[in-house]
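Heads up: the structure comes next, in structure tokens.
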Amino acid sequence: MAKYRKLGRTSSQRKALLRNQVTALINNGKIRTTEAKAKEIRKIAEGLIAMAVKEKDNFEEVTVMAKVARKDKDGKRVKEVVDGKKVTVYDEVEKKIKKDMPSRLHARRQMLKVLYPVKEVPTAQAGRKKNTKEVDLVAKLFDEIAPKYVNRNGGYTRIVKIGQRKGDAAMEVLIELV
């Protein structure tokens with residue numbers, strides 16, 4: 001018996017497909033796909049969520065001093081003339097940051113091996129490059145998804161059969177986070 005489904009693709013295509021589907025599942029919460037793909041996606045997604053649940057509280061808060069550019073009422077940087085040159089004015093600010101412990105850092109890197117970077121485009125300003133935001137899916141796993149599943153021992157995803165697809169009669173399913 002094989003350890004995984006080949007899905008009629010080469011290994012590189014299969015890996016890319018599964019990474020893409022898992023990224024979409026974690027980003028959107030549910031996706032529509034074929035039954036065979038969903039069963040493969042489930043294996044990967046549940047592993048990532050289990051890792052996030054295990055490591056969600058494994059960090060320490062550290063206070064650091066950071067230089068932040070001073071801004072005016074319009075949100076633009078304040079400039080000051082020094083020796084005939086315009087120089088941005090910086091203020092020293094205390095910031096609290098999360099410092100990952102080694103095992104959480106390892107988990108974060110393992111997740112980044114699977115998840116693709118995702119950009120979020122607001123609907124109002126669609127098509128404008130400057131309004132896109134990078135979505136941190138690893139932070140979403142640790143901060144939003146993992147706390148929901150703390151008291152759950154596996155079974156983080158649900159596969160619901162929709163019916164057969166019209167074109168090739170493949171069984172279509174909805175895979176979603178429980």
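So you can find residues: chains in the structure tokens are A, B, ... in the order shown, residues in each start at 1, and ligands are numbered from 1 in order.
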**Report entry** 10 Å contact set for A:Ser103, only C-alpha atoms, chain neighbours under 2 positions out, as a list in words
**Finding:** Lys54, Glu55, Asn58, Phe59, Asp100, Met101, Leu105, His106, Ala107, Arg108 and Arg109 of chain A
Proximity of stretch 6-101 of chain A to stretch 160-178 of chain A: per-residue shortest pair, 10 Å limit, only C-alpha atoms, as CSV:
residue,atom,partner,partner_atom,distance
A:Leu25,CA,A:Glu176,CA,7.0
A:Ile26,CA,A:Leu177,CA,8.0
A:Asn28,CA,A:Glu176,CA,8.8
A:Gly29,CA,A:Leu177,CA,5.6
A:Lys30,CA,A:Glu176,CA,4.0
A:Ile31,CA,A:Ile175,CA,5.6
A:Arg32,CA,A:Leu174,CA,4.6
A:Thr33,CA,A:Val173,CA,5.6
A:Thr34,CA,A:Glu172,CA,4.4
A:Glu35,CA,A:Val173,CA,5.6
A:Ala36,CA,A:Met171,CA,8.5
A:Lys37,CA,A:Val173,CA,9.3
A:Ala38,CA,A:Ile175,CA,6.3
A:Lys39,CA,A:Ile175,CA,8.8
A:Ile41,CA,A:Ile175,CA,8.7
A:Arg42,CA,A:Ile175,CA,8.0
A:Ala45,CA,A:Leu177,CA,9.3
A:Glu46,CA,A:Leu177,CA,9.4
A:Ile49,CA,A:Leu177,CA,10.0
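Neighbours of stretch 148-152 of chain A closer than or equal to 12 Å, with only C-alpha atoms counted and sequence neighbours fewer than 2 positions away skipped, come out as Glu46, Ile49, Ala50, Met51, Ala52, Val53, Lys54, Glu55, Lys56, Asp57, Lys140, Leu141, Phe142, Asp143, Glu144, Ile145, Ala146, Gly154, Gly155, Tyr156, Thr157, Leu177 and Val178 of chain A.
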Requested in this report: Skip stretch 63-79 of chain A itself and residues of its chain fewer than 5 positions away, then list as a PyMOL selection string all residues within 6 Å of it, counting only C-alpha atoms.
Outcome: chain A and resi 86-96
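By only C-alpha atoms, and with residues fewer than 5 positions from A:Asn27 along its chain excluded, the set lying at most 10 Å from it is Gln21, Val22, Leu115, Val118, Glu120, Val135, Asp136, Leu137, Lys140 and Leu141 of chain A.
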So that I have them on file, write out the residues from the current selection with all heavy atoms, as a PDB file, in the first residue's frame.
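This went into out-v1.pdb:
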ATOM      1  N   GLN A  21      -3.042  24.212  -2.059  1.00  0.00           N
ATOM      2  CA  GLN A  21      -4.346  23.888  -1.470  1.00  0.00           C
ATOM      3  C   GLN A  21      -4.330  24.085   0.051  1.00  0.00           C
ATOM      4  O   GLN A  21      -5.281  24.608   0.621  1.00  0.00           O
ATOM      5  CB  GLN A  21      -4.741  22.447  -1.803  1.00  0.00           C
ATOM      6  CG  GLN A  21      -4.915  22.198  -3.291  1.00  0.00           C
ATOM      7  CD  GLN A  21      -6.329  22.398  -3.773  1.00  0.00           C
ATOM      8  OE1 GLN A  21      -7.050  23.251  -3.282  1.00  0.00           O
ATOM      9  NE2 GLN A  21      -6.724  21.590  -4.731  1.00  0.00           N
ATOM     10  N   VAL A  22      -3.250  23.665   0.713  1.00  0.00           N
ATOM     11  CA  VAL A  22      -3.147  23.826   2.174  1.00  0.00           C
ATOM     12  C   VAL A  22      -3.102  25.313   2.532  1.00  0.00           C
ATOM     13  O   VAL A  22      -3.753  25.759   3.484  1.00  0.00           O
ATOM     14  CB  VAL A  22      -1.913  23.084   2.735  1.00  0.00           C
ATOM     15  CG1 VAL A  22      -1.653  23.461   4.176  1.00  0.00           C
ATOM     16  CG2 VAL A  22      -2.107  21.583   2.602  1.00  0.00           C
ATOM     17  N   LEU A 115       3.749  26.444   3.589  1.00  0.00           N
ATOM     18  CA  LEU A 115       2.836  27.531   3.215  1.00  0.00           C
ATOM     19  C   LEU A 115       3.471  28.524   2.256  1.00  0.00           C
ATOM     20  O   LEU A 115       4.619  28.929   2.430  1.00  0.00           O
ATOM     21  CB  LEU A 115       2.382  28.261   4.481  1.00  0.00           C
ATOM     22  CG  LEU A 115       1.641  27.406   5.504  1.00  0.00           C
ATOM     23  CD1 LEU A 115       1.422  28.194   6.779  1.00  0.00           C
ATOM     24  CD2 LEU A 115       0.341  26.908   4.950  1.00  0.00           C
ATOM     25  N   VAL A 118       1.045  34.847   1.045  1.00  0.00           N
ATOM     26  CA  VAL A 118      -0.263  35.259   0.535  1.00  0.00           C
ATOM     27  C   VAL A 118      -0.382  36.770   0.641  1.00  0.00           C
ATOM     28  O   VAL A 118      -0.023  37.360   1.660  1.00  0.00           O
ATOM     29  CB  VAL A 118      -1.393  34.596   1.361  1.00  0.00           C
ATOM     30  CG1 VAL A 118      -2.751  35.110   0.936  1.00  0.00           C
ATOM     31  CG2 VAL A 118      -1.328  33.096   1.227  1.00  0.00           C
ATOM     32  N   GLU A 120      -3.060  39.971   0.506  1.00  0.00           N
ATOM     33  CA  GLU A 120      -4.474  40.296   0.645  1.00  0.00           C
ATOM     34  C   GLU A 120      -4.735  41.605  -0.087  1.00  0.00           C
ATOM     35  O   GLU A 120      -4.082  42.617   0.178  1.00  0.00           O
ATOM     36  CB  GLU A 120      -4.817  40.442   2.129  1.00  0.00           C
ATOM     37  CG  GLU A 120      -6.282  40.545   2.402  1.00  0.00           C
ATOM     38  CD  GLU A 120      -6.548  40.570   3.898  1.00  0.00           C
ATOM     39  OE1 GLU A 120      -6.439  41.656   4.499  1.00  0.00           O
ATOM     40  OE2 GLU A 120      -6.844  39.502   4.451  1.00  0.00           O
ATOM     41  N   VAL A 135      -0.085  38.621   4.140  1.00  0.00           N
ATOM     42  CA  VAL A 135      -0.748  37.935   5.247  1.00  0.00           C
ATOM     43  C   VAL A 135       0.240  36.941   5.848  1.00  0.00           C
ATOM     44  O   VAL A 135       0.811  36.119   5.137  1.00  0.00           O
ATOM     45  CB  VAL A 135      -1.999  37.169   4.749  1.00  0.00           C
ATOM     46  CG1 VAL A 135      -2.664  36.431   5.888  1.00  0.00           C
ATOM     47  CG2 VAL A 135      -2.981  38.128   4.100  1.00  0.00           C
ATOM     48  N   ASP A 136       0.441  37.026   7.159  1.00  0.00           N
ATOM     49  CA  ASP A 136       1.352  36.110   7.848  1.00  0.00           C
ATOM     50  C   ASP A 136       0.547  34.894   8.307  1.00  0.00           C
ATOM     51  O   ASP A 136      -0.088  34.915   9.357  1.00  0.00           O
ATOM     52  CB  ASP A 136       2.019  36.814   9.025  1.00  0.00           C
ATOM     53  CG  ASP A 136       3.125  35.985   9.638  1.00  0.00           C
ATOM     54  OD1 ASP A 136       3.388  34.880   9.129  1.00  0.00           O
ATOM     55  OD2 ASP A 136       3.733  36.451  10.622  1.00  0.00           O
ATOM     56  N   LEU A 137       0.555  33.837   7.492  1.00  0.00           N
ATOM     57  CA  LEU A 137      -0.245  32.653   7.803  1.00  0.00           C
ATOM     58  C   LEU A 137       0.276  31.896   9.019  1.00  0.00           C
ATOM     59  O   LEU A 137      -0.501  31.286   9.743  1.00  0.00           O
ATOM     60  CB  LEU A 137      -0.303  31.709   6.593  1.00  0.00           C
ATOM     61  CG  LEU A 137      -1.155  32.188   5.434  1.00  0.00           C
ATOM     62  CD1 LEU A 137      -1.153  31.169   4.319  1.00  0.00           C
ATOM     63  CD2 LEU A 137      -2.585  32.449   5.871  1.00  0.00           C
ATOM     64  N   LYS A 140      -1.127  33.581  11.903  1.00  0.00           N
ATOM     65  CA  LYS A 140      -2.552  33.240  11.954  1.00  0.00           C
ATOM     66  C   LYS A 140      -2.743  31.860  12.577  1.00  0.00           C
ATOM     67  O   LYS A 140      -3.645  31.661  13.392  1.00  0.00           O
ATOM     68  CB  LYS A 140      -3.155  33.275  10.549  1.00  0.00           C
ATOM     69  CG  LYS A 140      -4.642  33.006  10.508  1.00  0.00           C
ATOM     70  CD  LYS A 140      -5.203  33.148   9.114  1.00  0.00           C
ATOM     71  CE  LYS A 140      -6.705  32.908   9.122  1.00  0.00           C
ATOM     72  NZ  LYS A 140      -7.304  33.085   7.807  1.00  0.00           N
ATOM     73  N   LEU A 141      -1.880  30.915  12.207  1.00  0.00           N
ATOM     74  CA  LEU A 141      -1.955  29.577  12.797  1.00  0.00           C
ATOM     75  C   LEU A 141      -1.735  29.632  14.305  1.00  0.00           C
ATOM     76  O   LEU A 141      -2.501  29.046  15.072  1.00  0.00           O
ATOM     77  CB  LEU A 141      -0.905  28.651  12.171  1.00  0.00           C
ATOM     78  CG  LEU A 141      -1.320  27.878  10.940  1.00  0.00           C
ATOM     79  CD1 LEU A 141      -0.109  27.267  10.261  1.00  0.00           C
ATOM     80  CD2 LEU A 141      -2.316  26.801  11.286  1.00  0.00           C
TER      81      LEU A 141
END
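Residues with any atom within 8 Å of A:Thr132, counting only C-alpha atoms and excluding same-chain neighbours fewer than 3 positions away, are Lys119, Glu120, Val121, Pro122, Arg128 and Lys129 of chain A.
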Only N, CA, C and O atoms, please: the residues just picked out, written as a compact mmCIF listing (two decimals), in the first residue's frame.
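Output below, filename again-v6.txt:
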# COMPACT_ATOMS: atom_id res chain seq x y z
N LYS A 119 -0.88 37.39 -0.42
CA LYS A 119 -1.15 38.83 -0.40
C LYS A 119 -2.65 39.05 -0.34
O LYS A 119 -3.41 38.38 -1.03
N GLU A 120 -3.06 39.97 0.51
CA GLU A 120 -4.47 40.30 0.65
C GLU A 120 -4.73 41.61 -0.09
O GLU A 120 -4.08 42.62 0.18
N VAL A 121 -5.69 41.58 -1.01
CA VAL A 121 -6.02 42.77 -1.78
C VAL A 121 -7.39 43.28 -1.34
O VAL A 121 -8.37 42.55 -1.43
N PRO A 122 -7.48 44.52 -0.84
CA PRO A 122 -8.78 45.04 -0.45
C PRO A 122 -9.68 45.24 -1.67
O PRO A 122 -9.19 45.64 -2.73
N ARG A 128 -4.48 47.94 -7.30
CA ARG A 128 -3.42 48.85 -6.90
C ARG A 128 -2.40 48.09 -6.07
O ARG A 128 -2.74 47.48 -5.06
N LYS A 129 -1.17 48.14 -6.49
CA LYS A 129 -0.12 47.37 -5.84
C LYS A 129 0.18 47.85 -4.42
O LYS A 129 0.43 47.06 -3.53
Requested in this report: Looking only at helix (DSSP H, G or I) from DSSP on the backbone, list the matching residues of stretch 25-176 of chain A as number ranges by chain.
Outcome: A: 25-28, 35-55, 102-114, 129-131, 137-148
Write the selection just made, keeping N, CA and C atoms, as a short mmCIF file (atom, residue, chain, number, x, y, z; two decimals), in the first residue's frame?
data_model
loop_
_atom_site.label_atom_id
_atom_site.label_comp_id
_atom_site.auth_asym_id
_atom_site.auth_seq_id
_atom_site.Cartn_x
_atom_site.Cartn_y
_atom_site.Cartn_z
N LEU A 25 -6.56 26.64 2.21
CA LEU A 25 -7.41 26.15 3.31
C LEU A 25 -7.18 26.96 4.58
N ILE A 26 -5.92 27.19 4.92
CA ILE A 26 -5.62 27.93 6.15
C ILE A 26 -5.99 29.40 6.01
N ASN A 27 -5.81 29.95 4.83
CA ASN A 27 -6.14 31.35 4.60
C ASN A 27 -7.66 31.59 4.61
N ASN A 28 -8.42 30.72 3.94
CA ASN A 28 -9.86 30.93 3.77
C ASN A 28 -10.74 30.15 4.74
N GLU A 35 -12.16 14.56 -3.81
CA GLU A 35 -12.03 13.77 -2.59
C GLU A 35 -10.59 13.30 -2.36
N ALA A 36 -9.93 12.83 -3.40
CA ALA A 36 -8.55 12.34 -3.26
C ALA A 36 -7.61 13.46 -2.82
N LYS A 37 -7.75 14.63 -3.43
CA LYS A 37 -6.91 15.76 -3.05
C LYS A 37 -7.20 16.17 -1.61
N ALA A 38 -8.46 16.18 -1.24
CA ALA A 38 -8.85 16.60 0.11
C ALA A 38 -8.24 15.70 1.17
N LYS A 39 -8.20 14.40 0.90
CA LYS A 39 -7.62 13.47 1.88
C LYS A 39 -6.13 13.69 2.04
N GLU A 40 -5.45 14.09 0.98
CA GLU A 40 -4.02 14.40 1.07
C GLU A 40 -3.80 15.74 1.77
N ILE A 41 -4.65 16.72 1.46
CA ILE A 41 -4.56 18.04 2.08
C ILE A 41 -4.77 17.92 3.59
N ARG A 42 -5.72 17.08 3.97
CA ARG A 42 -6.05 16.88 5.39
C ARG A 42 -4.81 16.46 6.17
N LYS A 43 -4.02 15.52 5.63
CA LYS A 43 -2.82 15.04 6.33
C LYS A 43 -1.87 16.19 6.64
N ILE A 44 -1.62 17.02 5.64
CA ILE A 44 -0.66 18.11 5.80
C ILE A 44 -1.21 19.18 6.74
N ALA A 45 -2.46 19.59 6.52
CA ALA A 45 -3.07 20.67 7.31
C ALA A 45 -3.18 20.27 8.79
N GLU A 46 -3.57 19.05 9.05
CA GLU A 46 -3.71 18.62 10.45
C GLU A 46 -2.35 18.60 11.15
N GLY A 47 -1.30 18.22 10.41
CA GLY A 47 0.05 18.25 10.98
C GLY A 47 0.47 19.66 11.35
N LEU A 48 0.17 20.62 10.47
CA LEU A 48 0.53 22.02 10.74
C LEU A 48 -0.24 22.55 11.95
N ILE A 49 -1.52 22.25 12.01
CA ILE A 49 -2.35 22.75 13.12
C ILE A 49 -1.91 22.12 14.44
N ALA A 50 -1.59 20.82 14.41
CA ALA A 50 -1.12 20.15 15.62
C ALA A 50 0.18 20.78 16.11
N MET A 51 1.06 21.12 15.18
CA MET A 51 2.32 21.79 15.53
C MET A 51 2.05 23.15 16.16
N ALA A 52 1.10 23.89 15.58
CA ALA A 52 0.75 25.22 16.09
C ALA A 52 0.14 25.13 17.48
N VAL A 53 -0.72 24.13 17.71
CA VAL A 53 -1.35 23.95 19.03
C VAL A 53 -0.29 23.63 20.07
N LYS A 54 0.66 22.78 19.71
CA LYS A 54 1.70 22.37 20.65
C LYS A 54 2.61 23.54 21.04
N GLU A 55 2.92 24.41 20.08
CA GLU A 55 3.90 25.48 20.31
C GLU A 55 3.29 26.87 20.51
N PRO A 102 13.33 28.12 20.98
CA PRO A 102 13.87 27.34 19.86
C PRO A 102 12.89 26.36 19.22
N SER A 103 12.09 25.67 20.01
CA SER A 103 11.16 24.69 19.42
C SER A 103 10.05 25.37 18.62
N ARG A 104 9.60 26.56 19.07
CA ARG A 104 8.57 27.29 18.32
C ARG A 104 9.18 27.85 17.03
N LEU A 105 10.41 28.30 17.09
CA LEU A 105 11.08 28.80 15.90
C LEU A 105 11.21 27.68 14.86
N HIS A 106 11.55 26.47 15.34
CA HIS A 106 11.65 25.33 14.44
C HIS A 106 10.29 25.02 13.81
N ALA A 107 9.23 25.07 14.63
CA ALA A 107 7.87 24.82 14.12
C ALA A 107 7.50 25.88 13.08
N ARG A 108 7.84 27.13 13.35
CA ARG A 108 7.56 28.22 12.41
C ARG A 108 8.24 27.96 11.07
N ARG A 109 9.48 27.52 11.11
CA ARG A 109 10.22 27.26 9.87
C ARG A 109 9.67 26.05 9.13
N GLN A 110 9.21 25.05 9.87
CA GLN A 110 8.59 23.88 9.25
C GLN A 110 7.30 24.29 8.53
N MET A 111 6.53 25.19 9.16
CA MET A 111 5.29 25.68 8.54
C MET A 111 5.60 26.49 7.28
N LEU A 112 6.64 27.31 7.35
CA LEU A 112 7.01 28.13 6.20
C LEU A 112 7.49 27.29 5.02
N LYS A 113 7.96 26.05 5.29
CA LYS A 113 8.35 25.15 4.21
C LYS A 113 7.13 24.73 3.38
N VAL A 114 5.96 24.69 4.04
CA VAL A 114 4.74 24.23 3.37
C VAL A 114 3.93 25.39 2.81
N LYS A 129 -1.17 48.14 -6.49
CA LYS A 129 -0.12 47.37 -5.84
C LYS A 129 0.18 47.85 -4.42
N LYS A 130 0.12 49.16 -4.20
CA LYS A 130 0.53 49.69 -2.90
C LYS A 130 -0.46 49.36 -1.77
N ASN A 131 -1.70 48.98 -2.11
CA ASN A 131 -2.69 48.69 -1.08
C ASN A 131 -2.72 47.22 -0.66
N LEU A 137 0.55 33.84 7.49
CA LEU A 137 -0.24 32.65 7.80
C LEU A 137 0.28 31.90 9.02
N VAL A 138 1.59 31.96 9.26
CA VAL A 138 2.14 31.27 10.44
C VAL A 138 1.63 31.95 11.70
N ALA A 139 1.61 33.29 11.71
CA ALA A 139 1.08 34.02 12.86
C ALA A 139 -0.41 33.71 13.02
N LYS A 140 -1.13 33.58 11.90
CA LYS A 140 -2.55 33.24 11.95
C LYS A 140 -2.74 31.86 12.58
N LEU A 141 -1.88 30.91 12.21
CA LEU A 141 -1.95 29.58 12.80
C LEU A 141 -1.74 29.63 14.30
N PHE A 142 -0.69 30.35 14.74
CA PHE A 142 -0.38 30.42 16.17
C PHE A 142 -1.42 31.22 16.96
N ASP A 143 -1.87 32.37 16.42
CA ASP A 143 -2.69 33.30 17.19
C ASP A 143 -4.20 33.09 17.06
N GLU A 144 -4.68 32.65 15.90
CA GLU A 144 -6.12 32.50 15.70
C GLU A 144 -6.59 31.05 15.69
N ILE A 145 -5.91 30.21 14.92
CA ILE A 145 -6.39 28.84 14.72
C ILE A 145 -6.05 27.94 15.91
N ALA A 146 -4.80 27.98 16.39
CA ALA A 146 -4.37 27.10 17.48
C ALA A 146 -5.20 27.26 18.77
N PRO A 147 -5.53 28.49 19.23
CA PRO A 147 -6.32 28.60 20.46
C PRO A 147 -7.70 27.94 20.37
N LYS A 148 -8.28 27.84 19.15
CA LYS A 148 -9.58 27.19 19.00
C LYS A 148 -9.50 25.69 19.24
#
Query raised in the report: Between atom CA of A:Thr123 and atom CA of A:Asn20, what is the spacing in Å?
Result: 22.1 Å
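Closest approach to A:Arg19 from the set A:Val82, A:Tyr116, A:Lys3, A:Val62 is made by A:Tyr116, with distances taken over only C-alpha atoms.
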**Report entry** Test item, strand (DSSP E or B) assignment across stretch 35-153 of chain A, answer as a PyMOL selection string
**Finding:** chain A and resi 59-69+71+77+79-82+85-88+90-100+118-120+133-135
